[in-house]
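The next block is structure-v8.txt, given as compact mmCIF, C-alpha atoms.
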# COMPACT_ATOMS: atom_id res chain seq x y z
CA MET A 6 87.92 78.11 95.02
CA THR A 7 90.51 78.64 92.32
CA THR A 8 89.23 81.21 89.85
CA GLY A 9 90.21 82.32 86.38
CA ILE A 10 90.70 80.61 83.04
CA ARG A 11 93.40 77.95 82.96
CA PHE A 12 95.93 79.22 80.40
CA CYS A 13 98.97 76.95 80.53
CA ARG A 14 101.60 75.38 82.78
CA ILE A 15 105.07 76.97 82.91
CA PHE A 16 108.01 76.00 85.13
CA GLY A 17 105.71 73.51 86.83
CA PHE A 18 103.20 76.21 87.86
CA GLU A 19 99.63 76.33 86.61
CA VAL A 20 98.91 79.74 85.07
CA ARG A 21 95.38 81.12 85.20
CA ILE A 22 94.04 84.37 83.77
CA ASP A 23 91.32 86.24 85.62
CA LEU A 24 88.76 87.99 83.40
CA SER A 25 89.78 91.32 84.92
CA TRP A 26 93.24 90.88 83.39
CA PHE A 27 91.89 91.28 79.86
CA VAL A 28 90.52 94.71 80.79
CA VAL A 29 93.85 95.99 82.09
CA PHE A 30 95.76 94.40 79.20
CA LEU A 31 93.66 96.33 76.69
CA LEU A 32 94.06 99.51 78.74
CA VAL A 33 97.85 99.07 78.87
CA LEU A 34 97.92 98.31 75.15
CA TRP A 35 95.95 101.45 74.35
CA THR A 36 98.10 103.61 76.65
CA PHE A 37 101.33 102.31 75.11
CA ALA A 38 100.14 102.82 71.53
CA GLN A 39 98.41 106.18 71.93
CA SER A 40 100.50 107.90 74.59
CA GLU A 41 103.70 106.40 75.96
CA PHE A 42 105.57 105.27 72.86
CA PRO A 43 104.61 108.24 70.64
CA ARG A 44 105.86 110.52 73.43
CA ARG A 45 109.07 108.58 74.06
CA VAL A 46 109.95 107.70 70.46
CA PRO A 47 108.45 110.43 68.24
CA GLY A 48 108.40 110.41 64.47
CA LEU A 49 107.38 106.81 63.76
CA GLU A 50 104.44 105.51 61.75
CA PRO A 51 101.19 104.64 63.60
CA VAL A 52 101.53 100.95 62.74
CA GLU A 53 104.97 100.91 64.39
CA TYR A 54 103.50 102.24 67.62
CA VAL A 55 100.88 99.49 67.53
CA ILE A 56 103.59 96.83 67.11
CA MET A 57 105.64 98.43 69.90
CA ALA A 58 102.57 98.48 72.13
CA TRP A 59 101.88 94.79 71.59
CA ALA A 60 105.51 93.84 72.21
CA GLY A 61 105.72 96.10 75.25
CA ALA A 62 102.46 94.88 76.79
CA VAL A 63 103.31 91.19 76.31
CA LEU A 64 106.83 91.61 77.70
CA PHE A 65 105.61 93.75 80.60
CA PHE A 66 103.12 91.12 81.72
CA GLY A 67 105.78 88.50 81.09
CA SER A 68 107.94 90.42 83.56
CA VAL A 69 105.10 90.47 86.09
CA PHE A 70 104.71 86.73 85.61
CA LEU A 71 108.43 86.11 86.26
CA HIS A 72 108.15 88.26 89.39
CA GLU A 73 105.46 85.89 90.67
CA VAL A 74 107.43 82.83 89.52
CA ALA A 75 110.29 84.00 91.73
CA HIS A 76 107.96 84.16 94.75
CA SER A 77 106.51 80.75 93.92
CA ALA A 78 109.85 79.05 93.31
CA VAL A 79 111.30 80.16 96.65
CA ALA A 80 108.08 79.22 98.47
CA ARG A 81 108.19 75.75 96.97
CA ALA A 82 111.90 75.46 97.82
CA ARG A 83 111.03 76.31 101.46
CA GLY A 84 108.48 73.49 101.53
CA ILE A 85 105.36 75.63 101.12
CA PRO A 86 102.92 74.28 98.50
CA VAL A 87 102.08 76.57 95.58
CA ASP A 88 98.97 75.96 93.48
CA GLY A 89 99.97 78.27 90.65
CA ILE A 90 99.91 81.86 89.43
CA THR A 91 96.93 84.00 88.46
CA LEU A 92 97.19 87.08 86.25
CA PHE A 93 94.53 89.63 87.21
CA VAL A 94 93.72 93.33 87.06
CA PHE A 95 96.74 94.48 89.09
CA GLY A 96 99.27 92.17 87.46
CA GLY A 97 99.85 88.81 89.10
CA LEU A 98 99.34 86.77 92.22
CA ALA A 99 101.19 83.63 93.32
CA ARG A 100 98.63 81.23 94.80
CA ILE A 101 100.70 80.11 97.79
CA ARG A 102 98.55 77.67 99.74
CA ALA A 103 99.84 78.37 103.27
CA ASN A 104 101.54 81.14 105.23
CA ALA A 105 105.26 81.04 105.82
CA GLU A 106 106.18 79.17 108.99
CA THR A 107 108.95 81.55 110.07
CA PRO A 108 109.88 85.24 109.57
CA ARG A 109 112.95 84.07 107.65
CA ASP A 110 110.81 82.16 105.16
CA GLU A 111 108.51 85.16 104.79
CA PHE A 112 111.49 87.43 104.11
CA LEU A 113 113.12 85.11 101.55
CA ILE A 114 109.87 84.39 99.68
CA THR A 115 109.09 88.11 99.52
CA ILE A 116 112.42 89.77 98.75
CA VAL A 117 113.06 87.65 95.67
CA GLY A 118 110.13 89.35 93.88
CA PRO A 119 111.49 92.92 93.82
CA PHE A 120 114.99 91.50 93.27
CA SER A 121 113.80 89.66 90.14
CA SER A 122 112.14 92.84 88.83
CA ALA A 123 115.37 94.78 89.36
CA VAL A 124 117.33 92.09 87.50
CA LEU A 125 114.83 92.23 84.62
CA GLY A 126 115.20 96.03 84.59
CA LEU A 127 118.97 95.68 84.22
CA PHE A 128 118.48 93.07 81.49
CA PHE A 129 116.23 95.34 79.40
CA LEU A 130 118.52 98.30 80.04
CA GLY A 131 121.47 96.29 78.77
CA LEU A 132 119.43 95.10 75.80
CA ALA A 133 118.58 98.69 74.87
CA GLN A 134 122.22 99.76 75.12
CA LEU A 135 123.35 96.79 73.04
CA GLY A 136 120.71 97.60 70.46
CA ARG A 137 121.95 101.17 70.12
CA GLU A 138 125.53 99.99 69.70
CA LEU A 139 124.46 97.54 66.99
CA GLY A 140 122.35 100.14 65.20
CA ALA A 141 118.95 98.66 66.06
CA THR A 142 115.80 100.60 65.20
CA PRO A 143 114.50 103.23 67.64
CA ALA A 144 111.36 101.12 68.02
CA LEU A 145 113.34 98.18 69.46
CA THR A 146 115.50 100.25 71.77
CA GLY A 147 112.48 102.33 72.80
CA VAL A 148 110.56 99.25 73.93
CA ALA A 149 113.58 97.89 75.81
CA ASP A 150 114.22 101.25 77.53
CA TYR A 151 110.61 101.53 78.64
CA LEU A 152 110.48 97.93 79.91
CA ALA A 153 113.63 98.61 81.94
CA LEU A 154 111.94 101.64 83.50
CA LEU A 155 108.72 99.72 84.22
CA ASN A 156 110.57 96.88 85.93
CA PHE A 157 112.56 99.32 88.09
CA ILE A 158 109.28 101.05 89.02
CA LEU A 159 107.71 97.66 89.79
CA ALA A 160 110.63 96.77 92.06
CA VAL A 161 110.52 100.09 93.94
CA PHE A 162 106.73 100.21 94.18
CA ASN A 163 106.60 96.71 95.65
CA LEU A 164 109.09 97.72 98.34
CA ILE A 165 106.71 100.34 99.75
CA PRO A 166 105.81 99.07 103.26
CA GLY A 167 102.10 98.67 102.59
CA PHE A 168 100.58 95.21 103.00
CA PRO A 169 99.92 93.19 100.80
CA LEU A 170 102.71 94.66 98.65
CA ASP A 171 106.07 92.95 98.99
CA GLY A 172 107.31 95.82 101.14
CA GLY A 173 104.39 95.28 103.49
CA ARG A 174 105.25 91.60 103.76
CA LEU A 175 108.88 92.47 104.48
CA PHE A 176 107.66 94.84 107.19
CA ARG A 177 105.50 92.03 108.57
CA SER A 178 108.45 89.62 108.61
CA ALA A 179 110.50 92.17 110.61
CA VAL A 180 107.72 92.80 113.16
CA TRP A 181 107.10 89.05 113.35
CA HIS A 182 110.80 88.42 113.99
CA PHE A 183 110.95 90.83 116.94
CA SER A 184 107.46 90.31 118.38
CA LYS A 185 107.23 86.53 117.80
CA ASP A 186 103.55 87.12 117.00
CA ILE A 187 102.42 86.79 113.36
CA ARG A 188 98.94 88.08 114.18
CA ARG A 189 100.29 91.31 115.63
CA ALA A 190 102.75 91.62 112.73
CA THR A 191 99.97 91.18 110.18
CA ARG A 192 97.80 93.73 111.98
CA TRP A 193 100.57 96.34 111.88
CA ALA A 194 101.33 95.54 108.24
CA ALA A 195 97.63 95.87 107.43
CA TYR A 196 97.58 99.29 109.12
CA SER A 197 100.50 100.36 106.92
CA GLY A 198 98.71 99.02 103.83
CA ARG A 199 95.53 100.91 104.63
CA GLY A 200 97.50 104.07 105.37
CA PHE A 201 99.39 103.91 102.10
CA GLY A 202 96.19 103.09 100.21
CA LEU A 203 94.47 106.15 101.70
CA LEU A 204 97.46 108.29 100.73
CA MET A 205 97.25 107.05 97.13
CA VAL A 206 93.51 107.75 97.02
CA GLY A 207 94.14 111.28 98.31
CA VAL A 208 96.87 111.97 95.75
CA GLY A 209 94.66 110.49 93.03
CA ILE A 210 91.78 112.82 93.94
CA LEU A 211 94.17 115.81 93.82
CA ASN A 212 95.30 114.67 90.37
CA LEU A 213 91.69 114.43 89.21
CA PHE A 214 91.02 118.01 90.33
CA GLY A 215 94.28 119.07 88.71
CA GLY A 216 93.18 117.72 85.33
CA TYR A 217 95.30 114.55 85.30
CA LEU A 218 92.35 112.23 84.77
CA VAL A 219 94.10 108.98 83.77
CA SER A 220 96.79 109.05 86.47
CA GLY A 221 94.27 110.23 89.04
CA MET A 222 91.86 107.39 88.28
CA TRP A 223 94.66 104.82 88.44
CA LEU A 224 95.89 106.12 91.79
CA VAL A 225 92.39 106.08 93.28
CA PHE A 226 91.74 102.61 91.91
CA ILE A 227 95.03 101.13 93.14
CA GLY A 228 94.72 102.88 96.51
CA TRP A 229 91.22 101.50 97.01
CA PHE A 230 92.47 98.03 96.09
CA LEU A 231 95.31 98.23 98.63
CA ILE A 232 92.90 99.28 101.39
CA GLN A 233 90.59 96.36 100.65
CA ALA A 234 93.44 93.87 100.22
CA ALA A 235 95.11 94.90 103.48
CA GLU A 236 91.90 94.43 105.44
CA SER A 237 91.13 91.15 103.68
CA GLY A 238 94.64 89.82 104.29
CA TYR A 239 94.38 90.42 108.02
CA ARG A 240 90.91 88.86 108.23
CA GLN A 241 92.06 85.80 106.32
CA LEU A 242 95.00 85.28 108.65
CA VAL A 243 92.80 85.59 111.75
CA LEU A 244 90.24 83.16 110.35
CA ARG A 245 92.91 80.67 109.29
CA ARG A 246 94.49 80.80 112.75
CA ILE A 247 91.08 80.08 114.26
CA LEU A 248 90.49 77.18 111.85
CA GLU A 249 93.90 75.69 112.65
CA GLY A 250 92.66 74.98 116.17
CA VAL A 251 89.41 73.29 115.13
CA GLN A 252 89.16 69.64 114.12
CA VAL A 253 87.05 68.37 111.26
CA ARG A 254 84.86 66.32 113.61
CA GLU A 255 83.56 69.58 115.14
CA ALA A 256 82.04 70.82 111.88
CA MET A 257 81.45 67.79 109.65
CA THR A 258 78.12 66.21 108.77
CA ARG A 259 78.15 62.85 110.54
CA SER A 260 76.77 59.61 109.07
CA PRO A 261 75.75 61.24 105.77
CA GLU A 262 73.10 59.68 103.58
CA THR A 263 74.65 57.41 100.95
CA VAL A 264 73.51 55.83 97.69
CA ARG A 265 74.10 52.37 96.23
CA PRO A 266 76.30 51.93 93.14
CA GLY A 267 73.61 50.00 91.26
CA LEU A 268 71.08 52.84 91.23
CA THR A 269 70.39 54.43 87.88
CA LEU A 270 70.95 58.15 87.42
CA ARG A 271 67.20 58.53 86.91
CA ASP A 272 66.57 57.03 90.35
CA VAL A 273 69.28 59.03 92.08
CA VAL A 274 67.91 62.25 90.57
CA ASP A 275 64.28 61.54 91.46
CA ASP A 276 64.86 60.03 94.91
CA TYR A 277 67.89 61.98 96.14
CA PHE A 278 68.92 65.15 94.31
CA LEU A 279 65.35 66.43 93.91
CA LYS A 280 64.30 65.50 97.46
CA ARG A 281 67.39 66.47 99.42
CA ARG A 282 69.37 69.69 99.81
CA TYR A 283 72.72 68.09 98.93
CA ASN A 284 74.61 68.34 95.64
CA ALA A 285 76.66 65.19 96.28
CA PHE A 286 76.24 61.79 97.94
CA PRO A 287 78.85 59.23 99.01
CA VAL A 288 78.45 55.85 97.29
CA GLU A 289 78.55 52.69 99.47
CA ASP A 290 78.11 49.03 98.64
CA GLY A 291 75.97 46.59 100.63
CA ASP A 292 78.82 45.89 103.07
CA GLY A 293 79.19 49.56 103.97
CA LYS A 294 82.41 50.05 101.99
CA THR A 295 82.80 53.53 100.53
CA LEU A 296 83.32 53.35 96.78
CA GLY A 297 83.22 56.97 95.74
CA VAL A 298 81.02 60.05 95.46
CA ILE A 299 78.34 61.04 92.94
CA THR A 300 77.77 64.76 92.34
CA LEU A 301 75.03 66.71 90.62
CA SER A 302 77.54 68.05 88.09
CA GLN A 303 78.55 64.49 87.16
CA VAL A 304 74.92 63.56 86.56
CA LYS A 305 74.41 66.69 84.44
CA GLY A 306 77.41 65.63 82.33
CA VAL A 307 75.47 62.55 81.14
CA GLU A 308 72.85 62.95 78.40
CA ARG A 309 69.40 62.97 79.95
CA GLU A 310 68.08 60.17 77.74
CA LYS A 311 70.80 57.89 79.13
CA TRP A 312 69.86 58.41 82.79
CA PRO A 313 67.49 55.39 82.97
CA THR A 314 70.23 52.99 81.84
CA THR A 315 73.38 54.56 83.34
CA THR A 316 74.33 53.54 86.87
CA VAL A 317 75.87 55.51 89.68
CA ALA A 318 78.88 53.18 89.58
CA ALA A 319 79.55 54.12 85.97
CA THR A 320 79.36 57.86 86.68
CA MET A 321 80.73 58.42 90.19
CA MET A 322 84.18 59.64 91.15
CA PRO A 323 86.12 56.74 92.74
CA VAL A 324 87.12 57.27 96.35
CA SER A 325 90.76 57.13 95.27
CA ASP A 326 90.22 60.32 93.22
CA ALA A 327 88.06 62.15 95.78
CA VAL A 328 89.37 64.55 98.41
CA THR A 329 89.58 62.65 101.69
CA VAL A 330 90.48 63.90 105.17
CA ARG A 331 90.54 62.55 108.71
CA ALA A 332 88.32 63.61 111.59
CA GLU A 333 91.36 64.87 113.53
CA ASP A 334 92.59 67.13 110.69
CA SER A 335 92.18 70.87 111.17
CA LEU A 336 89.60 72.87 109.25
CA ALA A 337 92.46 75.01 107.90
CA GLU A 338 94.03 71.91 106.30
CA VAL A 339 90.71 70.89 104.79
CA LEU A 340 90.07 74.36 103.37
CA SER A 341 93.52 74.36 101.76
CA LYS A 342 92.84 70.98 100.18
CA LEU A 343 89.47 72.05 98.84
CA GLU A 344 90.89 75.29 97.43
CA SER A 345 93.83 73.52 95.79
CA VAL A 346 91.59 71.23 93.71
CA GLY A 347 88.60 73.55 93.37
CA VAL A 348 85.93 71.30 94.90
CA GLY A 349 83.35 71.97 97.58
CA ARG A 350 83.48 68.83 99.76
CA ALA A 351 85.71 66.15 101.23
CA LEU A 352 84.97 62.67 102.54
CA VAL A 353 85.94 62.15 106.18
CA MET A 354 87.46 58.66 106.28
CA ASP A 355 88.82 56.34 108.94
CA HIS A 356 90.69 53.87 106.72
CA ASP A 357 87.85 52.40 104.58
CA HIS A 358 85.07 53.58 106.89
CA LEU A 359 83.13 56.74 106.06
CA GLU A 360 82.70 58.92 109.16
CA GLY A 361 81.16 61.96 107.55
CA VAL A 362 81.37 64.70 104.92
CA ILE A 363 82.86 68.17 105.34
CA THR A 364 81.94 70.97 102.92
CA ARG A 365 82.81 74.61 102.45
CA ALA A 366 79.32 75.40 103.71
CA ASP A 367 80.01 73.41 106.89
CA ILE A 368 83.18 75.43 107.51
CA ALA A 369 81.43 78.72 106.74
CA GLY A 370 78.58 77.76 109.08
CA TRP A 371 81.00 76.93 111.89
CA LEU A 372 82.77 80.28 111.41
CA ASP A 373 79.46 82.13 111.43
CA ARG A 374 78.49 80.53 114.74
CA TYR A 375 81.96 81.28 116.17
CA GLN A 376 81.75 84.95 115.20
CA GLN A 377 78.26 85.30 116.68
CA LEU A 378 79.53 83.92 120.00
CA HIS A 379 82.72 86.01 120.20

The structure in this file should be written as structure tokens.
Amino acid sequence: MTTGIRFCRIFGFEVRIDLSWFVVFLLVLWTFAQSEFPRRVPGLEPVEYVIMAWAGAVLFFGSVFLHEVAHSAVARARGIPVDGITLFVFGGLARIRANAETPRDEFLITIVGPFSSAVLGLFFLGLAQLGRELGATPALTGVADYLALLNFILAVFNLIPGFPLDGGRLFRSAVWHFSKDIRRATRWAAYSGRGFGLLMVGVGILNLFGGYLVSGMWLVFIGWFLIQAAESGYRQLVLRRILEGVQVREAMTRSPETVRPGLTLRDVVDDYFLKRRYNAFPVEDGDGKTLGVITLSQVKGVEREKWPTTTVAATMMPVSDAVTVRAEDSLAEVLSKLESVGVGRALVMDHDHLEGVITRADIAGWLDRYQQLH
């Protein structure tokens, strides 16, 4: 499910902010104001460092956002759907719904990220130089100089061949190109990611013992994240490949229990939601035509005193707005659809006929049985 707080929509991409991002933003803000800018541009008033810190932090995360926009734009241009961009504790993440279909696509989608960071670094470097020539204040040129450095570091760091960094994805695209096997390529890239993560953790621990507490903690934290992300990325690819070969009909709930549109919310709560284990029911008329779906959250959105007089038909989501799939679709396709809209179920339809319901729990249950048998 899509997580984070919906912030805005820019360049056609939905931008969400994970709660973890606020923590790192405040940490970056504090570091800029108390350490980096006083060290780089000495002799200014405290309030100037605070202003510089705010400008630097906002522009830095703006640079991270543009880095992810570059990934997303190329992915969309290559025909791969992109749900949006999420800012989180380590910067940003483009929510690309599917894997690249070819090594070339993987390479193009990936390389544009570090390239965009390098371009931004040159832009801020040029801005700082122009500011000095025009007699701009040291505060302005100091922020521009530091942002240039940060973007160059971001470009170089992302080129390190440790999955899921951009460099790790470039490494995967190369192995994929020569081996013709994305699973093997992802496994090797994950090994490189874990190895680099362990190296960062080791260096971070040495820094901690050497008295460099802040840098040591950051290295350990980032290294641990890379180890977990590399392992998670490989597992996700393996599971998605498995799901691509499984049809919806193998995991769906067949002939689900339905409710009539004329029922009141009071009746549907008492006779269905409180007596069944489901959080949603398809709605069918007397002729067996599927009209929509009524969910527990929709019922909760209606004032309780109105339940006896409000009907299911007046509250339900019409079938035209619900997520619908076919029995022959793959579970991977269904999971992508559910994740893209942030819901937990889809109606399995054959034209106007309801064949079943498929939920995240159904997919998870099928995977659990598969893993127990293999």

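Of the listed residues (A:Val328, A:Ala80, A:Tyr54, A:Glu111), A:Val328 comes nearest to Gly347 (chain A); the distances count only C-alpha atoms.
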
**Complete:** Computed gap from CA of Pro287 (chain A) to CA of Pro261 (chain A) is 7.7 Å

**Prompt:** Of the candidates A:Val20, A:Leu244, A:Met322, A:Met222, which one gets nearest to Phe93 (chain A) if we count only C-alpha atoms?
**Reply:**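 Closest to Phe93 (chain A), using only C-alpha atoms: A:Val20.
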
**Request:** Write out as a list in words the residues lying within 9 Å of region 266-271 of chain A, counting all atoms listed in the file and excluding same-chain residues fewer than 5 positions away.
**Result:**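 Here the answer would be Asp276, Val288, Glu289, Asp290, Leu296, Gly297, Val304, Val307, Arg309, Lys311, Trp312, Pro313, Thr314, Thr315, Thr316, Val317, Ala318, Ala319, Thr320 and Met321 of chain A.
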
**Prompt:** What is the CA of Gly67 (chain A)-CA of Leu154 (chain A) distance in Å, reported with one decimal?
**Reply:** 14.7 Å

**Item:** From A:Ala78, A:Ala285, A:Met205, A:Val63, residue lying nearest Leu231 (chain A) [only C-alpha atoms]
**Value:**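 Checking each candidate against Leu231 (chain A), we get A:Met205 as the closest.
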
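CA of Glu236 (chain A) to CA of Thr191 (chain A) spans 9.9 Å [interatomic distance, one decimal].
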
**Asked** Pick from A:Val180, A:Leu159, A:Val206, A:Ile15: nearest to Phe112 (chain A), with all atoms listed in the file counted?
**Response** A:Val180

Contacts between region 365-377 of chain A and region 230-286 of chain A, please, where a residue of region 230-286 of chain A counts if it comes within 8 Å (with all atoms listed in the file); show its shortest atom pair and distance in Å to one decimal, rows by chain and ascending number, as CSV.
residue,atom,partner,partner_atom,distance
A:Ala256,CA,A:Asp367,CA,6.0
A:Met257,CA,A:Asp367,CA,6.4
A:Thr258,CA,A:Asp367,CA,7.7

**Item:** Non-local contacts of region 166-171 of chain A (8 Å; only C-alpha atoms; under 4 positions in same chain excluded) as a ChimeraX atom specification
**Value:** /A:115-116,118-119,175-176,194-202,231,234-235,238

Return as AutoDock Vina command-line options the box centre and box size in Å, one decimal, for an axis-aligned box around all listed atoms of region 113-123 of chain A padded by 8 Å per side.
--center_x 112.2 --center_y 89.6 --center_z 95.2 --size_x 22.3 --size_y 26.4 --size_z 28.7

**Prompt:** Hey, what's within 8 Å of Ala337 (chain A) if we count all atoms listed in the file and toss same-chain stuff fewer than 4 positions away? As a list in words, please?
**Reply:** Arg245, Arg246, Leu248, Glu249 and Ser341 of chain A

Filled-in N, CA and C atoms of region 176-198 of chain A, supplied as a CSV table (one decimal), in the frame of the given file:
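So out_30.csv came out as:
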chain,number,residue,atom,x,y,z
A,176,PHE,N,107.9,94.2,105.9
A,176,PHE,CA,107.7,94.8,107.2
A,176,PHE,C,107.1,93.8,108.2
A,177,ARG,N,106.1,93.0,107.7
A,177,ARG,CA,105.5,92.0,108.6
A,177,ARG,C,106.5,91.0,109.1
A,178,SER,N,107.5,90.6,108.2
A,178,SER,CA,108.4,89.6,108.6
A,178,SER,C,109.4,90.2,109.7
A,179,ALA,N,109.7,91.5,109.6
A,179,ALA,CA,110.5,92.2,110.6
A,179,ALA,C,109.8,92.3,112.0
A,180,VAL,N,108.5,92.7,111.9
A,180,VAL,CA,107.7,92.8,113.2
A,180,VAL,C,107.5,91.4,113.8
A,181,TRP,N,107.3,90.4,112.9
A,181,TRP,CA,107.1,89.0,113.4
A,181,TRP,C,108.4,88.5,114.0
A,182,HIS,N,109.5,88.9,113.4
A,182,HIS,CA,110.8,88.4,114.0
A,182,HIS,C,111.0,89.0,115.4
A,183,PHE,N,110.7,90.2,115.6
A,183,PHE,CA,111.0,90.8,116.9
A,183,PHE,C,109.8,90.6,117.9
A,184,SER,N,108.6,90.5,117.5
A,184,SER,CA,107.5,90.3,118.4
A,184,SER,C,107.1,88.8,118.6
A,185,LYS,N,107.6,88.0,117.7
A,185,LYS,CA,107.2,86.5,117.8
A,185,LYS,C,105.7,86.3,117.7
A,186,ASP,N,105.0,87.2,117.1
A,186,ASP,CA,103.6,87.1,117.0
A,186,ASP,C,103.1,87.5,115.6
A,187,ILE,N,102.8,86.5,114.8
A,187,ILE,CA,102.4,86.8,113.4
A,187,ILE,C,101.1,87.6,113.3
A,188,ARG,N,100.2,87.3,114.2
A,188,ARG,CA,98.9,88.1,114.2
A,188,ARG,C,99.2,89.6,114.4
A,189,ARG,N,100.0,89.9,115.4
A,189,ARG,CA,100.3,91.3,115.6
A,189,ARG,C,101.0,91.9,114.4
A,190,ALA,N,102.0,91.1,113.9
A,190,ALA,CA,102.8,91.6,112.7
A,190,ALA,C,101.8,91.9,111.5
A,191,THR,N,100.9,91.0,111.3
A,191,THR,CA,100.0,91.2,110.2
A,191,THR,C,99.1,92.4,110.4
A,192,ARG,N,98.7,92.6,111.7
A,192,ARG,CA,97.8,93.7,112.0
A,192,ARG,C,98.5,95.0,111.7
A,193,TRP,N,99.8,95.1,112.1
A,193,TRP,CA,100.6,96.3,111.9
A,193,TRP,C,100.8,96.5,110.4
A,194,ALA,N,101.1,95.4,109.7
A,194,ALA,CA,101.3,95.5,108.2
A,194,ALA,C,100.0,96.0,107.5
A,195,ALA,N,98.9,95.5,108.0
A,195,ALA,CA,97.6,95.9,107.4
A,195,ALA,C,97.4,97.4,107.7
A,196,TYR,N,97.7,97.9,108.9
A,196,TYR,CA,97.6,99.3,109.1
A,196,TYR,C,98.4,100.1,108.1
A,197,SER,N,99.6,99.6,107.9
A,197,SER,CA,100.5,100.4,106.9
A,197,SER,C,99.9,100.3,105.5
A,198,GLY,N,99.3,99.1,105.2
A,198,GLY,CA,98.7,99.0,103.8
A,198,GLY,C,97.5,100.0,103.7
